[in-house]
Amino acid sequence: MRDPVYLDHAATTPLDPRVRQAMAPFWQETFGNPSSLHRYGQEAEAAVESARATIARLLGCQPHEVIFTSGATEANNAALKGVFLELMRREKKHLVVSGVEHPSVLEPARQLALLFDAELTILPVDRHGLVDPEDVRKALRDDTTLVSVMWANNEVGTIQPVRQIARICREAGVLFHTDAVQAAPHMPLALNRVPAHLVSLSGHKMYGPKGIGALVVRTGTPFEPLLRGGGQEYGLRAGTLNVPGIVGLARALELAHEEREARWDHLVTLRDHLIRRVLERIPDAELTGHPSLRLPNHASFVFPQVNAQVLLPLLDLEGFACSSGSACKVGAAEPSPVLLAMGYPPDLARGALRVTLGKDNTLEQVEAFVEALVLAVAKARKVSA
Ligand SMILES: Cc1ncc(COP(=O)(O)O)c(C=O)c1O
């Protein structure tokens with residue numbers, strides 16, 4: 001029996017041993033609370049500040065603009081709610097988000113609409129999942145609080161024109177947030193090119209630890225802290241810092257940066273091969289997401305007359321771990337809201353498959369996967385017939 005093959009890197013990634021090594025001292029020897037004034041605390045604080053400086057350098061922002069959070073769900077919630085709560089005092093209550101955002105953006109936006117009578121504009125996307133920057137321009141109003149459009153989509157891998165969108169928002173004096181969780185492992189997040197006011201990151205999507213993330217809050221961004229307490233993180237996010245997590249997040253981002261080109265080339269080779277072979281072997285399969293403006297590791301499809309709830313366990317039996325879309329939707333028989341927003345009919349959206357490659361996958365694994373997929377799709381069709 002072959003070893004199982006993990007093809008679900010958009011859901012999470014294994015911890016890179018080099019990241020684990022960087023984190024190791026902070027579980028035990030250097031266990032201090034970074035807020036403490038004694039040497040134990042100061043050692044931990046030095047590690048946190050060095051991590052903060054690394055992340056700031058890689059993104060092109062100031063260290064004090066990097067706020068550590070428990071992950072990107074918190075960062076996204078904080079971005080929307082933090083800005084909204086501050087600006088609602090100035091009679092601004094209009095939020096603009098794209099229809100393909102992660103639930104950790106869409107749900108807080110809906111919650112604010114419900115609780116505070118915020119007005120919510122959901123931007124349409126085209127068949128490839130792309131937001132048209134002109135639609136953003138048209139949606140902006142005098143009372144617009146914030147625009148949130150993700151850098152790259154987790155379900156279909158489409159890379160959004162965030163640079164143009166950020167510029168349109170800047171010109172109009174409107175705040176712009178981008179969820180960069182899926183882009184960060186693969187692309188430089190140069191904030192001088194993409195002048196977003198707020199950016200969310202997560203450790204575990206880039207071979208870092210789970211339960212750690214960051215929200216970049218550029219200087220001057222109106223922001224009401226969600227967590228109040230001991231005043232950590234410049235008063236923007238209270239709570240004792242997750243020191244090993246923070247060290248791991250910075251090291252993971254640093255490695256992604258150092259190895260970017262090699263990882264990119266390897267992933268694109270595997271991804272293009274996978275897409276080509278799947279479309280050849282399963283002629284009615286359709287690639288979802290943009291054909292070229294897509295993440296290097298991301299291949300996603302729909303198969304007519306297939307239910308992903310049947311297909312995924314069949315693939316798992318053959319030793320291949322992939323998903324139907326967002327990992328947060330596991331167990332849900334509902335078709336993906338992302339594919340629905342892209343105009344796919346519910347029946348077709350139920351047959352969605354997401355294959356997200358990792359730096360350690362091989363061409364042999366991709367070949368074996370395609371063979372298993374051909375058989376699994378045929379079997380799943382028999383079950384649904
Ligand atoms: C695009 C996107 N945003 C946000 C999140 C949430 O990140 P976290 O798991 O760190 O809360 C995820 C992960 O599922 C994601 O893919």
# chains A, B, ... in the order shown; residues from 1 in each chain; ligands from 1
$ residues_near_ligand --ligand "ligand 1" --cutoff "8 Å" --atoms "only C-alpha atoms and all ligand atoms" --output "ChimeraX atom specification"
/A:10-12,70-76,101-105,150,152-155,179-182,200-205,210-213,326-328
$ residues_around --residues "region 25-27 of chain A" --least-positions-apart "5" --cutoff "10 Å" --atoms "only C-alpha atoms" --output "PyMOL selection string"
chain A and resi 20+32+43-44+47+242-248
$ write_last_selection --atoms "C-alpha atoms" --output "compact mmCIF listing (two decimals), in the first residue's frame"
# COMPACT_ATOMS: atom_id res chain seq x y z
CA ARG A 20 9.51 23.99 14.71
CA GLY A 32 8.68 34.33 30.05
CA GLU A 43 14.09 37.53 26.47
CA ALA A 44 10.61 36.63 25.27
CA ALA A 47 11.99 37.31 20.32
CA ASN A 242 1.68 33.46 21.94
CA VAL A 243 5.47 33.68 21.83
CA PRO A 244 6.27 30.33 20.13
CA GLY A 245 3.50 30.98 17.60
CA ILE A 246 4.76 34.45 16.81
CA VAL A 247 8.34 33.20 16.34
CA GLY A 248 6.97 30.42 14.11
$ closest_residue --among "A:Thr178, A:Gln232, A:Asn77, A:Asn192" --to "Ser35 (chain A)" --atoms "only C-alpha atoms"
A:Gln232
$ atom_distance --atom1 "CA of Gly325 (chain A)" --atom2 "CA of Thr288 (chain A)"
10.9 Å
$ closest_residue --among "A:Leu312, A:Val306, A:Ala139, A:Ala368" --to "Val383 (chain A)" --atoms "only C-alpha atoms"
A:Val306
$ select_by_dssp --residues "region 189-250 of chain A" --states "alpha helix (DSSP H)" --output "PDB file with C-alpha atoms, in the first residue's frame"
ATOM      1  CA  VAL A 243       5.468  33.682  21.830  1.00  0.00           C
ATOM      2  CA  PRO A 244       6.273  30.332  20.127  1.00  0.00           C
ATOM      3  CA  GLY A 245       3.500  30.977  17.604  1.00  0.00           C
ATOM      4  CA  ILE A 246       4.764  34.454  16.807  1.00  0.00           C
ATOM      5  CA  VAL A 247       8.338  33.204  16.338  1.00  0.00           C
ATOM      6  CA  GLY A 248       6.974  30.417  14.105  1.00  0.00           C
ATOM      7  CA  LEU A 249       4.851  32.771  12.023  1.00  0.00           C
ATOM      8  CA  ALA A 250       7.825  35.015  11.288  1.00  0.00           C
TER       9      ALA A 250
END
$ closest_residue --among "A:His266, A:Leu348, A:Leu279, A:Glu318" --to "Val302 (chain A)" --atoms "only C-alpha atoms"
A:Leu348
$ atom_distance --atom1 "CA of Ala46 (chain A)" --atom2 "CA of Leu58 (chain A)"
18.4 Å
$ residues_around --residues "His298 (chain A)" --least-positions-apart "4" --cutoff "10 Å" --atoms "only C-alpha atoms" --output "PyMOL selection string"
chain A and resi 7-10+153-158+267-268+270-272+274-275+289+294+354-358
$ write_last_selection --atoms "C-alpha atoms" --output "short mmCIF file (atom, residue, chain, number, x, y, z; two decimals), in the first residue's frame"
data_model
loop_
_atom_site.label_atom_id
_atom_site.label_comp_id
_atom_site.auth_asym_id
_atom_site.auth_seq_id
_atom_site.Cartn_x
_atom_site.Cartn_y
_atom_site.Cartn_z
CA LEU A 7 -3.14 17.49 -1.48
CA ASP A 8 -5.04 19.93 0.75
CA HIS A 9 -2.49 22.64 1.48
CA ALA A 10 -5.05 25.44 1.27
CA ASN A 153 -9.29 32.95 -3.09
CA ASN A 154 -9.06 29.79 -0.99
CA GLU A 155 -11.57 27.75 -2.99
CA VAL A 156 -10.70 28.50 -6.61
CA GLY A 157 -7.27 30.12 -6.29
CA THR A 158 -8.13 33.26 -8.25
CA LEU A 267 4.31 24.11 -7.83
CA VAL A 268 3.42 25.59 -11.23
CA LEU A 270 2.96 20.17 -10.88
CA ARG A 271 -0.23 22.23 -11.06
CA ASP A 272 -0.15 22.67 -14.84
CA LEU A 274 -2.33 18.08 -13.02
CA ILE A 275 -4.80 20.43 -14.73
CA GLY A 289 -11.19 29.85 -11.09
CA ARG A 294 -4.38 31.77 -10.03
CA ARG A 354 -10.06 21.41 -4.79
CA VAL A 355 -6.53 20.06 -5.09
CA THR A 356 -3.92 22.23 -3.44
CA LEU A 357 -0.33 21.15 -3.84
CA GLY A 358 2.53 21.62 -1.43
#
$ residues_around --residues "Arg90 (chain A)" --least-positions-apart "3" --cutoff "12 Å" --atoms "only C-alpha atoms" --output "JSON, numbers by chain"
{"A": [83, 84, 85, 86, 87, 93, 94, 142, 143, 144, 145, 222]}
$ atom_distance --atom1 "CA of Cys61 (chain A)" --atom2 "CA of Tyr207 (chain A)"
22.6 Å
$ closest_residue --among "A:Ala380, A:Leu191, A:Ala252, A:Leu375" --to "Arg18 (chain A)" --atoms "only C-alpha atoms"
A:Ala252
$ closest_residue --among "A:Asp265, A:Phe223, A:Glu171, A:Ala113" --to "Arg89 (chain A)" --atoms "only C-alpha atoms"
A:Phe223
$ closest_residue --among "A:Arg2, A:Arg193, A:Lys81, A:Arg141" --to "Leu115 (chain A)" --atoms "only C-alpha atoms"
A:Lys81
